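Novice: Pasting run_15.csv below, which is CSV, C-alpha atoms and all ligand atoms.
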```csv
chain,number,residue,atom,x,y,z
A,1,MET,CA,-14.5,-55.1,-22.7
A,2,THR,CA,-11.3,-53.1,-22.9
A,3,ASN,CA,-9.8,-54.8,-19.9
A,4,GLU,CA,-8.4,-51.6,-18.6
A,5,LYS,CA,-9.3,-49.8,-15.4
A,6,ILE,CA,-11.3,-46.7,-16.2
A,7,PHE,CA,-11.1,-43.8,-13.8
A,8,VAL,CA,-13.3,-40.8,-13.6
A,9,THR,CA,-10.6,-38.8,-15.3
A,10,ARG,CA,-7.0,-39.0,-16.6
A,11,SER,CA,-4.6,-36.1,-16.9
A,12,SER,CA,-4.0,-34.6,-20.3
A,13,MET,CA,-0.2,-34.3,-20.9
A,14,PRO,CA,1.8,-32.9,-23.7
A,15,PRO,CA,4.2,-35.2,-25.6
A,16,TYR,CA,7.1,-36.1,-23.3
A,17,GLU,CA,9.8,-34.7,-25.6
A,18,GLU,CA,7.9,-31.4,-25.9
A,19,TYR,CA,7.9,-30.9,-22.1
A,20,ILE,CA,11.5,-31.9,-21.7
A,21,GLU,CA,12.6,-29.5,-24.5
A,22,ALA,CA,10.5,-26.7,-22.9
A,23,ILE,CA,12.1,-27.1,-19.4
A,24,LYS,CA,15.7,-27.3,-20.7
A,25,PRO,CA,16.2,-23.5,-20.3
A,26,LEU,CA,15.7,-23.9,-16.6
A,27,TRP,CA,19.1,-25.7,-16.5
A,28,GLU,CA,20.7,-22.6,-17.9
A,29,SER,CA,18.9,-20.0,-15.8
A,30,HIS,CA,18.4,-22.0,-12.5
A,31,TRP,CA,15.4,-19.7,-12.0
A,32,LEU,CA,12.8,-22.2,-10.8
A,33,THR,CA,10.1,-20.2,-9.1
A,34,ASN,CA,9.2,-16.8,-7.6
A,35,MET,CA,7.3,-15.3,-10.5
A,36,GLY,CA,9.8,-16.2,-13.2
A,37,LYS,CA,9.6,-15.7,-17.0
A,38,TYR,CA,7.3,-18.7,-17.6
A,39,HIS,CA,5.0,-17.7,-14.8
A,40,GLN,CA,4.6,-14.3,-16.4
A,41,GLU,CA,4.1,-15.8,-19.9
A,42,LEU,CA,1.4,-18.1,-18.7
A,43,GLU,CA,-0.4,-15.3,-16.9
A,44,HIS,CA,-0.5,-13.3,-20.2
A,45,LYS,CA,-1.6,-16.3,-22.3
A,46,LEU,CA,-4.3,-17.2,-19.9
A,47,GLU,CA,-5.6,-13.6,-19.7
A,48,MET,CA,-6.1,-13.8,-23.4
A,49,TYR,CA,-7.6,-17.3,-23.5
A,50,LEU,CA,-9.9,-16.7,-20.6
A,51,ASP,CA,-10.8,-13.2,-21.8
A,52,VAL,CA,-10.2,-11.6,-18.4
A,53,PRO,CA,-8.4,-8.4,-17.4
A,54,LYS,CA,-5.7,-9.8,-15.1
A,55,ILE,CA,-4.7,-13.3,-13.7
A,56,SER,CA,-2.6,-14.0,-10.7
A,57,LEU,CA,-1.3,-17.6,-10.8
A,58,THR,CA,-1.2,-19.7,-7.6
A,59,VAL,CA,0.1,-23.0,-6.4
A,60,ASN,CA,-3.3,-24.6,-6.6
A,61,GLY,CA,-7.0,-23.7,-6.9
A,62,HIS,CA,-7.6,-24.0,-3.2
A,63,MET,CA,-5.0,-21.4,-2.3
A,64,ALA,CA,-6.4,-19.2,-5.1
A,65,LEU,CA,-9.8,-19.3,-3.3
A,66,GLU,CA,-8.5,-19.0,0.2
A,67,LEU,CA,-6.3,-16.0,-0.7
A,68,ALA,CA,-8.9,-14.4,-2.9
A,69,ILE,CA,-11.3,-14.4,0.1
A,70,GLN,CA,-8.6,-13.2,2.4
A,71,ALA,CA,-7.9,-10.3,0.0
A,72,PHE,CA,-11.2,-8.7,1.0
A,73,ASP,CA,-10.3,-8.5,4.7
A,74,PHE,CA,-13.7,-9.4,6.0
A,75,PRO,CA,-14.1,-9.1,9.8
A,76,GLU,CA,-13.6,-12.4,11.6
A,77,GLY,CA,-16.9,-14.2,12.1
A,78,SER,CA,-18.6,-12.6,9.2
A,79,GLU,CA,-21.1,-14.8,7.2
A,80,ILE,CA,-20.6,-16.0,3.7
A,81,ILE,CA,-23.5,-17.5,1.7
A,82,THR,CA,-22.3,-20.5,-0.3
A,83,THR,CA,-23.3,-23.8,-1.7
A,84,PRO,CA,-22.8,-27.2,0.0
A,85,PHE,CA,-22.9,-29.0,-3.3
A,86,THR,CA,-19.2,-28.7,-4.0
A,87,PHE,CA,-15.8,-30.0,-3.3
A,88,VAL,CA,-14.7,-29.5,0.4
A,89,SER,CA,-12.2,-26.9,-0.8
A,90,THR,CA,-14.9,-24.2,-1.2
A,91,THR,CA,-16.1,-24.5,2.4
A,92,HIS,CA,-12.5,-25.0,3.8
A,93,ALA,CA,-11.4,-21.7,2.1
A,94,ILE,CA,-14.2,-19.8,4.0
A,95,VAL,CA,-13.7,-21.5,7.3
A,96,ARG,CA,-9.9,-21.2,7.2
A,97,ASN,CA,-10.4,-17.5,6.8
A,98,ARG,CA,-12.3,-17.6,10.2
A,99,LEU,CA,-15.6,-16.8,8.4
A,100,GLU,CA,-18.9,-18.6,8.8
A,101,PRO,CA,-20.4,-20.5,5.8
A,102,VAL,CA,-24.1,-20.2,5.5
A,103,PHE,CA,-25.3,-23.0,3.2
A,104,CYS,CA,-27.9,-22.2,0.6
A,105,ASP,CA,-29.9,-24.8,-1.4
A,106,VAL,CA,-29.2,-25.4,-5.1
A,107,LYS,CA,-31.2,-25.7,-8.2
A,108,GLU,CA,-32.4,-29.2,-9.3
A,109,SER,CA,-31.8,-28.5,-13.0
A,110,ASP,CA,-28.0,-28.1,-12.8
A,111,GLY,CA,-26.8,-28.1,-9.1
A,112,THR,CA,-25.8,-24.4,-9.0
A,113,ILE,CA,-26.8,-22.2,-6.0
A,114,ASP,CA,-30.5,-21.3,-6.1
A,115,GLU,CA,-30.4,-17.5,-6.4
A,116,THR,CA,-34.0,-17.2,-5.4
A,117,LYS,CA,-33.1,-18.5,-1.9
A,118,ILE,CA,-30.1,-16.3,-1.2
A,119,GLU,CA,-31.9,-13.2,0.0
A,120,ASP,CA,-33.6,-15.0,2.9
A,121,LEU,CA,-30.2,-16.0,4.3
A,122,ILE,CA,-28.8,-12.5,4.4
A,123,THR,CA,-28.2,-11.1,8.0
A,124,PRO,CA,-26.3,-8.0,9.2
A,125,LYS,CA,-23.3,-10.2,9.4
A,126,THR,CA,-23.3,-11.3,5.8
A,127,VAL,CA,-20.4,-9.9,3.8
A,128,ALA,CA,-20.2,-12.0,0.6
A,129,ILE,CA,-21.5,-14.8,-1.6
A,130,VAL,CA,-19.3,-17.6,-2.7
A,131,PRO,CA,-21.1,-19.5,-5.5
A,132,VAL,CA,-19.6,-22.4,-7.5
A,133,HIS,CA,-20.0,-22.9,-11.3
A,134,VAL,CA,-20.3,-26.6,-10.5
A,135,TYR,CA,-19.3,-29.0,-13.4
A,136,GLY,CA,-18.9,-25.8,-15.5
A,137,ASN,CA,-22.6,-25.0,-15.3
A,138,LEU,CA,-22.9,-21.3,-14.7
A,139,CYS,CA,-24.6,-19.8,-11.7
A,140,ASN,CA,-27.2,-17.1,-12.5
A,141,VAL,CA,-24.5,-14.4,-12.4
A,142,ASN,CA,-26.8,-11.5,-13.2
A,143,ALA,CA,-29.4,-12.3,-10.5
A,144,ILE,CA,-26.6,-12.9,-8.0
A,145,GLN,CA,-25.0,-9.5,-8.8
A,146,LYS,CA,-28.3,-7.7,-8.3
A,147,ILE,CA,-28.6,-9.2,-4.8
A,148,ALA,CA,-25.0,-8.3,-4.1
A,149,ASP,CA,-25.5,-4.7,-5.2
A,150,LYS,CA,-28.7,-4.4,-3.2
A,151,TYR,CA,-27.1,-5.5,0.1
A,152,ASN,CA,-23.5,-4.3,-0.7
A,153,LEU,CA,-22.0,-7.8,-0.7
A,154,LYS,CA,-18.9,-9.1,-2.5
A,155,VAL,CA,-19.2,-12.0,-4.9
A,156,ILE,CA,-16.3,-14.4,-5.2
A,157,TYR,CA,-16.9,-17.2,-7.7
A,158,ASP,CA,-15.4,-20.6,-7.3
A,159,ALA,CA,-14.9,-21.3,-11.1
A,160,ALA,CA,-12.6,-24.3,-10.5
A,161,HIS,CA,-14.7,-26.3,-13.0
A,162,ALA,CA,-15.4,-23.5,-15.5
A,163,PHE,CA,-12.1,-23.0,-17.4
A,164,GLY,CA,-12.8,-21.3,-20.7
A,165,VAL,CA,-16.5,-21.1,-20.2
A,166,LYS,CA,-18.2,-17.9,-21.5
A,167,CYS,CA,-21.5,-16.2,-20.6
A,168,ASP,CA,-23.1,-13.9,-23.2
A,169,GLY,CA,-19.7,-14.0,-25.1
A,170,VAL,CA,-17.8,-12.8,-22.1
A,171,GLY,CA,-15.2,-14.9,-20.1
A,172,ILE,CA,-17.0,-16.1,-17.0
A,173,GLY,CA,-14.1,-14.9,-14.8
A,174,ASN,CA,-15.3,-11.3,-15.4
A,175,TYR,CA,-18.3,-11.7,-13.2
A,176,GLY,CA,-18.4,-10.8,-9.5
A,177,ASP,CA,-15.5,-9.2,-7.6
A,178,ALA,CA,-13.2,-12.1,-8.2
A,179,SER,CA,-13.1,-15.6,-9.6
A,180,ILE,CA,-10.8,-18.5,-9.1
A,181,TYR,CA,-9.8,-21.4,-11.4
A,182,SER,CA,-8.2,-24.7,-10.6
A,183,PHE,CA,-5.5,-26.1,-12.9
A,184,HIS,CA,-5.2,-29.4,-11.0
A,185,ALA,CA,-4.1,-32.6,-12.8
A,186,THR,CA,-7.7,-33.7,-13.0
A,187,LYS,CA,-9.0,-30.5,-14.7
A,188,VAL,CA,-9.7,-29.7,-18.3
A,189,PHE,CA,-6.5,-27.6,-18.4
A,190,ASN,CA,-3.7,-28.5,-16.0
A,191,THR,CA,-0.4,-27.2,-14.7
A,192,ILE,CA,-0.1,-30.4,-12.6
A,193,GLU,CA,-1.0,-28.4,-9.5
A,194,GLY,CA,-2.0,-24.9,-10.0
A,195,GLY,CA,-4.7,-22.3,-9.9
A,196,ALA,CA,-5.4,-18.6,-10.5
A,197,VAL,CA,-7.3,-15.6,-9.3
A,198,VAL,CA,-9.0,-13.3,-11.8
A,199,CYS,CA,-8.3,-9.8,-10.5
A,200,LYS,CA,-10.5,-7.0,-11.7
A,201,ASP,CA,-7.8,-4.3,-11.3
A,202,ASP,CA,-4.2,-3.6,-10.5
A,203,LYS,CA,-5.0,-3.1,-6.8
A,204,MET,CA,-6.4,-6.6,-6.4
A,205,TYR,CA,-3.4,-8.0,-8.4
A,206,ALA,CA,-1.0,-6.3,-6.1
A,207,ARG,CA,-2.9,-7.6,-3.0
A,208,MET,CA,-2.7,-11.1,-4.4
A,209,HIS,CA,1.0,-10.7,-5.0
A,210,ASP,CA,1.5,-9.8,-1.4
A,211,LEU,CA,-0.7,-12.7,-0.2
A,212,LYS,CA,1.1,-15.3,-2.3
A,213,ASP,CA,4.6,-14.0,-1.6
A,214,PHE,CA,4.8,-13.5,2.1
A,215,GLY,CA,3.9,-9.8,1.8
A,216,ILE,CA,7.5,-9.1,0.7
A,217,ARG,CA,7.9,-5.8,-1.2
A,218,THR,CA,11.7,-5.4,-1.2
A,219,GLU,CA,14.6,-7.3,0.2
A,220,GLU,CA,14.2,-5.4,3.4
A,221,VAL,CA,10.5,-4.6,3.5
A,222,THR,CA,7.7,-7.0,4.4
A,223,ALA,CA,4.6,-4.9,4.3
A,224,SER,CA,1.9,-7.4,5.2
A,225,VAL,CA,1.4,-10.9,6.4
A,226,GLY,CA,1.2,-13.3,3.4
A,227,ALA,CA,1.4,-17.0,2.6
A,228,ASN,CA,3.5,-18.8,0.0
A,229,GLY,CA,1.1,-19.5,-2.8
A,230,LYS,CA,3.3,-19.2,-5.9
A,231,MET,CA,3.3,-21.3,-8.9
A,232,SER,CA,6.7,-22.8,-9.9
A,233,GLU,CA,8.3,-22.5,-13.4
A,234,PHE,CA,7.9,-26.3,-14.0
A,235,ASN,CA,4.2,-26.0,-13.4
A,236,ALA,CA,3.9,-22.9,-15.6
A,237,ILE,CA,5.8,-24.6,-18.4
A,238,MET,CA,3.4,-27.6,-18.1
A,239,GLY,CA,0.6,-25.1,-18.5
A,240,LEU,CA,2.2,-23.5,-21.6
A,241,CYS,CA,2.6,-26.9,-23.2
A,242,ASN,CA,-0.9,-28.1,-22.4
A,243,LEU,CA,-2.3,-24.8,-23.7
A,244,LYS,CA,-0.9,-25.6,-27.1
A,245,HIS,CA,-2.9,-28.9,-27.2
A,246,LEU,CA,-6.1,-27.6,-25.6
A,247,THR,CA,-8.2,-27.4,-28.7
A,248,ASP,CA,-7.5,-31.1,-29.4
A,249,ALA,CA,-8.2,-32.0,-25.8
A,250,LEU,CA,-11.5,-30.2,-25.8
A,251,ASN,CA,-12.6,-31.7,-29.1
A,252,ALA,CA,-11.9,-35.2,-27.8
A,253,ARG,CA,-13.8,-34.5,-24.6
A,254,LYS,CA,-16.7,-33.1,-26.6
A,255,LYS,CA,-16.9,-36.2,-28.7
A,256,ALA,CA,-17.1,-38.5,-25.6
A,257,PHE,CA,-19.5,-36.1,-23.9
A,258,ASN,CA,-21.9,-36.1,-26.9
A,259,ARG,CA,-21.7,-39.9,-27.2
A,260,TYR,CA,-22.8,-40.2,-23.5
A,261,VAL,CA,-25.6,-37.8,-24.2
A,262,GLY,CA,-26.7,-39.8,-27.3
A,263,GLY,CA,-26.5,-43.1,-25.4
A,264,LEU,CA,-28.1,-42.1,-22.1
A,265,LYS,CA,-30.6,-39.3,-22.9
A,266,ASP,CA,-33.6,-41.7,-23.2
A,267,VAL,CA,-32.7,-44.1,-20.4
A,268,LYS,CA,-35.5,-44.0,-17.9
A,269,GLY,CA,-34.4,-42.7,-14.5
A,270,ILE,CA,-31.0,-41.3,-15.7
A,271,ARG,CA,-31.1,-37.5,-15.9
A,272,ILE,CA,-28.4,-35.5,-17.5
A,273,PRO,CA,-28.3,-32.0,-15.9
A,274,GLU,CA,-29.2,-29.1,-18.2
A,275,PRO,CA,-27.3,-25.8,-17.6
A,276,ALA,CA,-29.9,-23.3,-16.4
A,277,ILE,CA,-27.9,-20.5,-18.0
A,278,ALA,CA,-27.0,-20.6,-21.7
A,279,THR,CA,-23.3,-21.2,-21.8
A,280,THR,CA,-20.5,-22.5,-23.9
A,281,ARG,CA,-19.4,-25.9,-22.5
A,282,ASN,CA,-15.9,-27.0,-21.5
A,283,TYR,CA,-16.8,-30.7,-21.2
A,284,ALA,CA,-15.0,-30.9,-17.8
A,285,TYR,CA,-17.3,-33.5,-16.2
A,286,PHE,CA,-20.2,-35.8,-17.2
A,287,PRO,CA,-22.5,-35.9,-14.2
A,288,ILE,CA,-25.7,-37.9,-14.2
A,289,PHE,CA,-28.5,-38.1,-11.6
A,290,VAL,CA,-29.8,-41.6,-10.9
A,291,GLU,CA,-33.5,-41.0,-10.1
A,292,SER,CA,-36.0,-43.2,-8.3
A,293,ASP,CA,-37.5,-44.7,-11.5
A,294,TYR,CA,-34.1,-46.2,-12.6
A,295,GLY,CA,-33.7,-49.9,-11.8
A,296,LEU,CA,-31.0,-49.4,-9.2
A,297,CYS,CA,-30.1,-46.7,-6.7
A,298,ARG,CA,-27.0,-44.5,-7.3
A,299,ASP,CA,-24.8,-46.6,-4.9
A,300,GLU,CA,-25.8,-49.8,-6.6
A,301,LEU,CA,-25.0,-48.5,-10.0
A,302,HIS,CA,-21.7,-47.1,-8.7
A,303,LYS,CA,-20.9,-50.6,-7.4
A,304,ARG,CA,-21.9,-52.3,-10.6
A,305,LEU,CA,-19.6,-50.1,-12.6
A,306,ALA,CA,-16.8,-50.7,-10.1
A,307,ASN,CA,-17.3,-54.4,-10.5
A,308,ASN,CA,-16.5,-53.8,-14.2
A,309,ASP,CA,-13.4,-51.8,-13.3
A,310,ILE,CA,-15.1,-48.5,-14.1
A,311,PHE,CA,-14.5,-46.0,-11.3
A,312,ALA,CA,-17.1,-43.3,-11.5
A,313,ARG,CA,-17.2,-40.8,-8.6
A,314,LYS,CA,-19.9,-39.4,-6.3
A,315,TYR,CA,-18.9,-35.8,-6.9
A,316,PHE,CA,-20.4,-34.3,-4.6
A,317,TYR,CA,-21.5,-36.6,-1.8
A,318,PRO,CA,-21.8,-36.0,1.0
A,319,LEU,CA,-22.6,-32.3,0.9
A,320,THR,CA,-19.8,-30.3,2.5
A,321,ALA,CA,-22.4,-29.2,5.2
A,322,ASP,CA,-22.7,-32.8,6.2
A,323,GLN,CA,-19.0,-33.6,6.3
A,324,ALA,CA,-17.7,-34.6,9.7
A,325,CYS,CA,-15.7,-31.3,10.1
A,326,PHE,CA,-18.7,-29.1,9.4
A,327,LYS,CA,-21.8,-31.0,10.4
A,328,ASN,CA,-24.0,-29.1,12.9
A,329,ARG,CA,-21.5,-26.3,13.2
A,330,TYR,CA,-23.0,-23.8,10.8
A,331,LYS,CA,-26.3,-22.4,9.8
A,332,ASN,CA,-28.1,-24.5,7.2
A,333,ALA,CA,-31.0,-23.4,5.2
A,334,ASP,CA,-33.3,-26.2,4.1
A,335,LEU,CA,-31.0,-28.2,1.9
A,336,LYS,CA,-33.6,-30.5,0.4
A,337,ILE,CA,-32.6,-30.3,-3.2
A,338,ALA,CA,-28.9,-30.3,-2.5
A,339,ARG,CA,-29.3,-33.5,-0.3
A,340,LYS,CA,-31.4,-35.1,-3.0
A,341,LEU,CA,-28.9,-34.4,-5.8
A,342,SER,CA,-26.0,-35.5,-3.6
A,343,ARG,CA,-27.7,-38.9,-3.1
A,344,GLN,CA,-28.4,-39.2,-6.9
A,345,VAL,CA,-25.2,-37.8,-8.5
A,346,MET,CA,-22.5,-39.8,-10.2
A,347,VAL,CA,-19.8,-38.4,-12.4
A,348,LEU,CA,-18.9,-40.7,-15.3
A,349,PRO,CA,-15.4,-41.1,-16.7
A,350,LEU,CA,-14.6,-38.3,-19.2
A,351,TYR,CA,-11.1,-37.3,-20.4
A,352,GLU,CA,-9.2,-36.6,-23.5
A,353,GLU,CA,-7.9,-40.1,-24.1
A,354,ILE,CA,-11.1,-42.0,-23.3
A,355,LYS,CA,-11.9,-44.4,-26.1
A,356,THR,CA,-15.2,-44.6,-27.9
A,357,GLU,CA,-15.6,-48.3,-27.0
A,358,GLN,CA,-15.0,-47.4,-23.3
A,359,VAL,CA,-17.8,-44.8,-23.4
A,360,ASP,CA,-20.0,-47.4,-25.2
A,361,GLU,CA,-19.2,-50.0,-22.5
A,362,ILE,CA,-20.2,-47.6,-19.7
A,363,ILE,CA,-23.4,-46.7,-21.6
A,364,SER,CA,-24.3,-50.4,-22.1
A,365,ILE,CA,-23.8,-51.3,-18.4
A,366,ILE,CA,-26.1,-48.4,-17.4
A,367,LYS,CA,-28.7,-49.4,-20.1
A,368,GLU,CA,-28.8,-53.1,-19.4
A,369,VAL,CA,-30.3,-52.4,-15.9
A,370,ASN,CA,-33.7,-51.1,-17.2
B,401,LIG,N1,-13.3,-25.8,-5.8
B,401,LIG,C1,-13.8,-26.8,-6.5
B,401,LIG,C2,-15.3,-26.7,-6.8
B,401,LIG,C3,-13.1,-28.0,-6.8
B,401,LIG,O1,-13.7,-29.0,-7.4
B,401,LIG,C4,-11.7,-28.0,-6.4
B,401,LIG,C5,-11.0,-29.2,-6.7
B,401,LIG,C6,-11.2,-26.9,-5.8
B,401,LIG,C7,-12.0,-25.8,-5.5
B,401,LIG,C8,-9.7,-26.9,-5.4
B,401,LIG,O2,-8.8,-26.9,-6.5
B,401,LIG,P1,-7.4,-27.6,-6.3
B,401,LIG,O3,-6.7,-27.0,-5.1
B,401,LIG,O4,-7.5,-29.0,-6.3
B,401,LIG,O5,-6.6,-27.1,-7.6
B,401,LIG,C9,-10.0,-34.2,-7.2
B,401,LIG,C10,-9.0,-33.1,-7.4
B,401,LIG,O6,-7.9,-33.3,-6.6
B,401,LIG,C11,-9.5,-31.7,-7.1
B,401,LIG,O7,-8.7,-30.8,-7.8
B,401,LIG,C12,-11.0,-31.5,-7.6
B,401,LIG,N2,-11.5,-30.3,-7.2
B,401,LIG,C13,-11.9,-32.6,-7.1
B,401,LIG,C14,-13.3,-32.5,-7.6
B,401,LIG,O8,-11.4,-33.9,-7.5
B,401,LIG,P2,-10.0,-36.4,-5.7
B,401,LIG,O9,-9.6,-36.6,-4.3
B,401,LIG,O10,-11.3,-36.9,-6.1
B,401,LIG,O11,-8.9,-36.9,-6.7
B,401,LIG,P3,-8.3,-38.3,-6.9
B,401,LIG,O12,-6.8,-38.3,-6.5
B,401,LIG,O13,-9.1,-39.3,-6.3
B,401,LIG,O14,-8.2,-38.4,-8.5
B,401,LIG,C15,-9.4,-38.7,-9.3
B,401,LIG,C16,-8.9,-39.4,-10.5
B,401,LIG,O15,-8.2,-38.6,-11.4
B,401,LIG,C17,-8.1,-40.6,-10.3
B,401,LIG,O16,-8.9,-41.8,-10.1
B,401,LIG,C18,-7.2,-40.7,-11.5
B,401,LIG,C19,-7.2,-39.3,-12.1
B,401,LIG,N3,-5.9,-38.6,-11.8
B,401,LIG,C20,-5.6,-38.2,-10.5
B,401,LIG,C21,-4.4,-37.6,-10.2
B,401,LIG,C22,-4.1,-37.1,-8.9
B,401,LIG,C23,-5.0,-38.5,-12.8
B,401,LIG,O17,-5.2,-38.9,-14.0
B,401,LIG,N4,-3.8,-37.8,-12.6
B,401,LIG,C24,-3.5,-37.4,-11.3
B,401,LIG,O18,-2.4,-36.8,-11.1
B,401,LIG,O19,-10.0,-34.8,-5.9
```
Could I get this structure in the form of structure tokens?
Specialist:
Amino acid sequence: MTNEKIFVTRSSMPPYEEYIEAIKPLWESHWLTNMGKYHQELEHKLEMYLDVPKISLTVNGHMALELAIQAFDFPEGSEIITTPFTFVSTTHAIVRNRLEPVFCDVKESDGTIDETKIEDLITPKTVAIVPVHVYGNLCNVNAIQKIADKYNLKVIYDAAHAFGVKCDGVGIGNYGDASIYSFHATKVFNTIEGGAVVCKDDKMYARMHDLKDFGIRTEEVTASVGANGKMSEFNAIMGLCNLKHLTDALNARKKAFNRYVGGLKDVKGIRIPEPAIATTRNYAYFPIFVESDYGLCRDELHKRLANNDIFARKYFYPLTADQACFKNRYKNADLKIARKLSRQVMVLPLYEEIKTEQVDEIISIIKEVN
């Protein structure tokens, strides 16, 4: 026993002195926000790292998604096909734009939207698809694009979990009409709070600029109605510092991830999701599905871990479609697989500083049941 509480994640942080040194210039310039020097520098560095044409930084991942959807000016009440097996942010972003989520079932293999079930949900009111690369597992981007092209729909990816993931050697943010990332404290790469929209062209970048900065063009001209979704210089500097240590952070996560795989792959009733699409991994999360032939149900295992000060999380239970604010309000397809996964899923602790003995302790608690 390590006698330490173990949470599902723990923020990666640069050395204290490094961050303090990096923010010192702000005491000279007093320029703290509104697309400052560090904001611009982080945008450029992330464009290169993520291998995408253009990035617009935002105050968090949720605003990135909400504003990215808004950028397409869909008529009020239009339908968006999406997944319910996600964080509430995805569905909130649709509903807060006065659009109607239409929930599609997911694939049992990896929890991403089931592309074979999308077409049946399309109606004359459908304008877009908002899939989620859940846990960094990639949606079938090529099949989804084919459907979108056939019915003239936009595709906006929630890539909150997919920082740095590539598909066929291409940054995942290049797929669809837009993608968003989250740089929240709990993510693989963090700016404390933060997010970004990948823009395919200068027009989208300009639209995002308006949407995140009140629509202000000049001191005297406000051309459109916008929100305040800007990332501050303190957050951008945190990102620049974390970016320098990202390779080490990813290697540490990979080591823990592979140790979990080695320890759990043969445990009866514990299923480790396999990405349906070949992809590079970012080791963002370690989800398992607790199936019926395991000795305990998911909730019992969750409790047993908690009794040992290990706080795994039920990401994502309940489905967003079943949350109090959405239940019975929107069209649901048959969500059989999503409901099943949601009852079985548990995300185990995974972060840069997790110790090998902590991973081993979690594995042995899970194994001792069978
Ligand atoms: N789309 C998807 C698919 C998402 O998963 C998310 C966010 C979004 C969109 C929206 O992106 P953001 O607007 O958040 O950028 C957490 C995160 O707050 C959230 O970012 C994330 N997804 C979601 C899956 O998880 P909670 O409510 O579970 O977090 P919380 O506060 O319980 O923290 C979990 C653990 O993380 C703690 O036990 C300890 C650790 N932690 C937490 C914080 C806040 C740290 O180590 N440092 C910290 O500062 O939502």
Novice: Taking all atoms listed in the file and a cut-off of 7 Å, can you tell me which residues surround ligand LIG 401 (chain B), written as an NGL selection string?
Specialist: :A and (7-11 or 60-63 or 86-87 or 89-90 or 132 or 134 or 158-161 or 182-187 or 192-195 or 315)
Novice: Could you dump the residues just selected with C-alpha atoms as a PDB file, in the frame of the given file?
Specialist:
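part-v8.pdb written:
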```
ATOM      1  CA  PHE A   7     -11.100 -43.800 -13.800  1.00  0.00           C
ATOM      2  CA  VAL A   8     -13.300 -40.800 -13.600  1.00  0.00           C
ATOM      3  CA  THR A   9     -10.600 -38.800 -15.300  1.00  0.00           C
ATOM      4  CA  ARG A  10      -7.000 -39.000 -16.600  1.00  0.00           C
ATOM      5  CA  SER A  11      -4.600 -36.100 -16.900  1.00  0.00           C
ATOM      6  CA  ASN A  60      -3.300 -24.600  -6.600  1.00  0.00           C
ATOM      7  CA  GLY A  61      -7.000 -23.700  -6.900  1.00  0.00           C
ATOM      8  CA  HIS A  62      -7.600 -24.000  -3.200  1.00  0.00           C
ATOM      9  CA  MET A  63      -5.000 -21.400  -2.300  1.00  0.00           C
ATOM     10  CA  THR A  86     -19.200 -28.700  -4.000  1.00  0.00           C
ATOM     11  CA  PHE A  87     -15.800 -30.000  -3.300  1.00  0.00           C
ATOM     12  CA  SER A  89     -12.200 -26.900  -0.800  1.00  0.00           C
ATOM     13  CA  THR A  90     -14.900 -24.200  -1.200  1.00  0.00           C
ATOM     14  CA  VAL A 132     -19.600 -22.400  -7.500  1.00  0.00           C
ATOM     15  CA  VAL A 134     -20.300 -26.600 -10.500  1.00  0.00           C
ATOM     16  CA  ASP A 158     -15.400 -20.600  -7.300  1.00  0.00           C
ATOM     17  CA  ALA A 159     -14.900 -21.300 -11.100  1.00  0.00           C
ATOM     18  CA  ALA A 160     -12.600 -24.300 -10.500  1.00  0.00           C
ATOM     19  CA  HIS A 161     -14.700 -26.300 -13.000  1.00  0.00           C
ATOM     20  CA  SER A 182      -8.200 -24.700 -10.600  1.00  0.00           C
ATOM     21  CA  PHE A 183      -5.500 -26.100 -12.900  1.00  0.00           C
ATOM     22  CA  HIS A 184      -5.200 -29.400 -11.000  1.00  0.00           C
ATOM     23  CA  ALA A 185      -4.100 -32.600 -12.800  1.00  0.00           C
ATOM     24  CA  THR A 186      -7.700 -33.700 -13.000  1.00  0.00           C
ATOM     25  CA  LYS A 187      -9.000 -30.500 -14.700  1.00  0.00           C
ATOM     26  CA  ILE A 192      -0.100 -30.400 -12.600  1.00  0.00           C
ATOM     27  CA  GLU A 193      -1.000 -28.400  -9.500  1.00  0.00           C
ATOM     28  CA  GLY A 194      -2.000 -24.900 -10.000  1.00  0.00           C
ATOM     29  CA  GLY A 195      -4.700 -22.300  -9.900  1.00  0.00           C
ATOM     30  CA  TYR A 315     -18.900 -35.800  -6.900  1.00  0.00           C
TER      31      TYR A 315
END
```
Novice: What is the CA of Lys244 (chain A) to CA of Pro275 (chain A) distance in Å?
Specialist: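 Rounded to one decimal, the two atoms are 28.1 Å apart.
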Novice: Could you build a table of the residues in region 35-92 of chain A lying no more than 8 Å from region 210-225 of chain A, giving for each the nearest pair of atoms and their separation in Å rounded to one decimal place, using only C-alpha atoms, ordered by chain and ascending residue number, as a Markdown table?
Specialist:
```
| residue | atom | partner | partner_atom | distance |
| --- | --- | --- | --- | --- |
| A:Thr58 | CA | A:Lys212 | CA | 7.3 |
| A:Leu67 | CA | A:Leu211 | CA | 6.5 |
| A:Ala71 | CA | A:Leu211 | CA | 7.6 |
```
Novice: Taking only C-alpha atoms into account, name the residue in A:Asn307, A:Asn242, A:Asn137, A:Ser292 that is nearest to Tyr16 (chain A).
Specialist: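 Result for the nearest residue to Tyr16 (chain A): A:Asn242.
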Novice: Measuring between all atoms listed in the file, which one of A:Ala252, A:Ala178, A:Ala196, A:Ile147 shows the shortest distance to Thr356 (chain A)?
Specialist: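 Closest to Thr356 (chain A), using all atoms listed in the file: A:Ala252.
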Novice: Please report the interatomic distance between CA of Lys367 (chain A) and CA of Ala284 (chain A) in Å with one decimal.
Specialist: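 Distance reported for this atom pair: 23.1 Å.
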Novice: Show which residues sit within 7 Å of region 253-261 of chain A, as number ranges by chain. Count all atoms listed in the file, and ignore same-chain residues fewer than 4 positions away.
Specialist: A: 249, 265, 283, 286, 350-352, 356, 359, 363
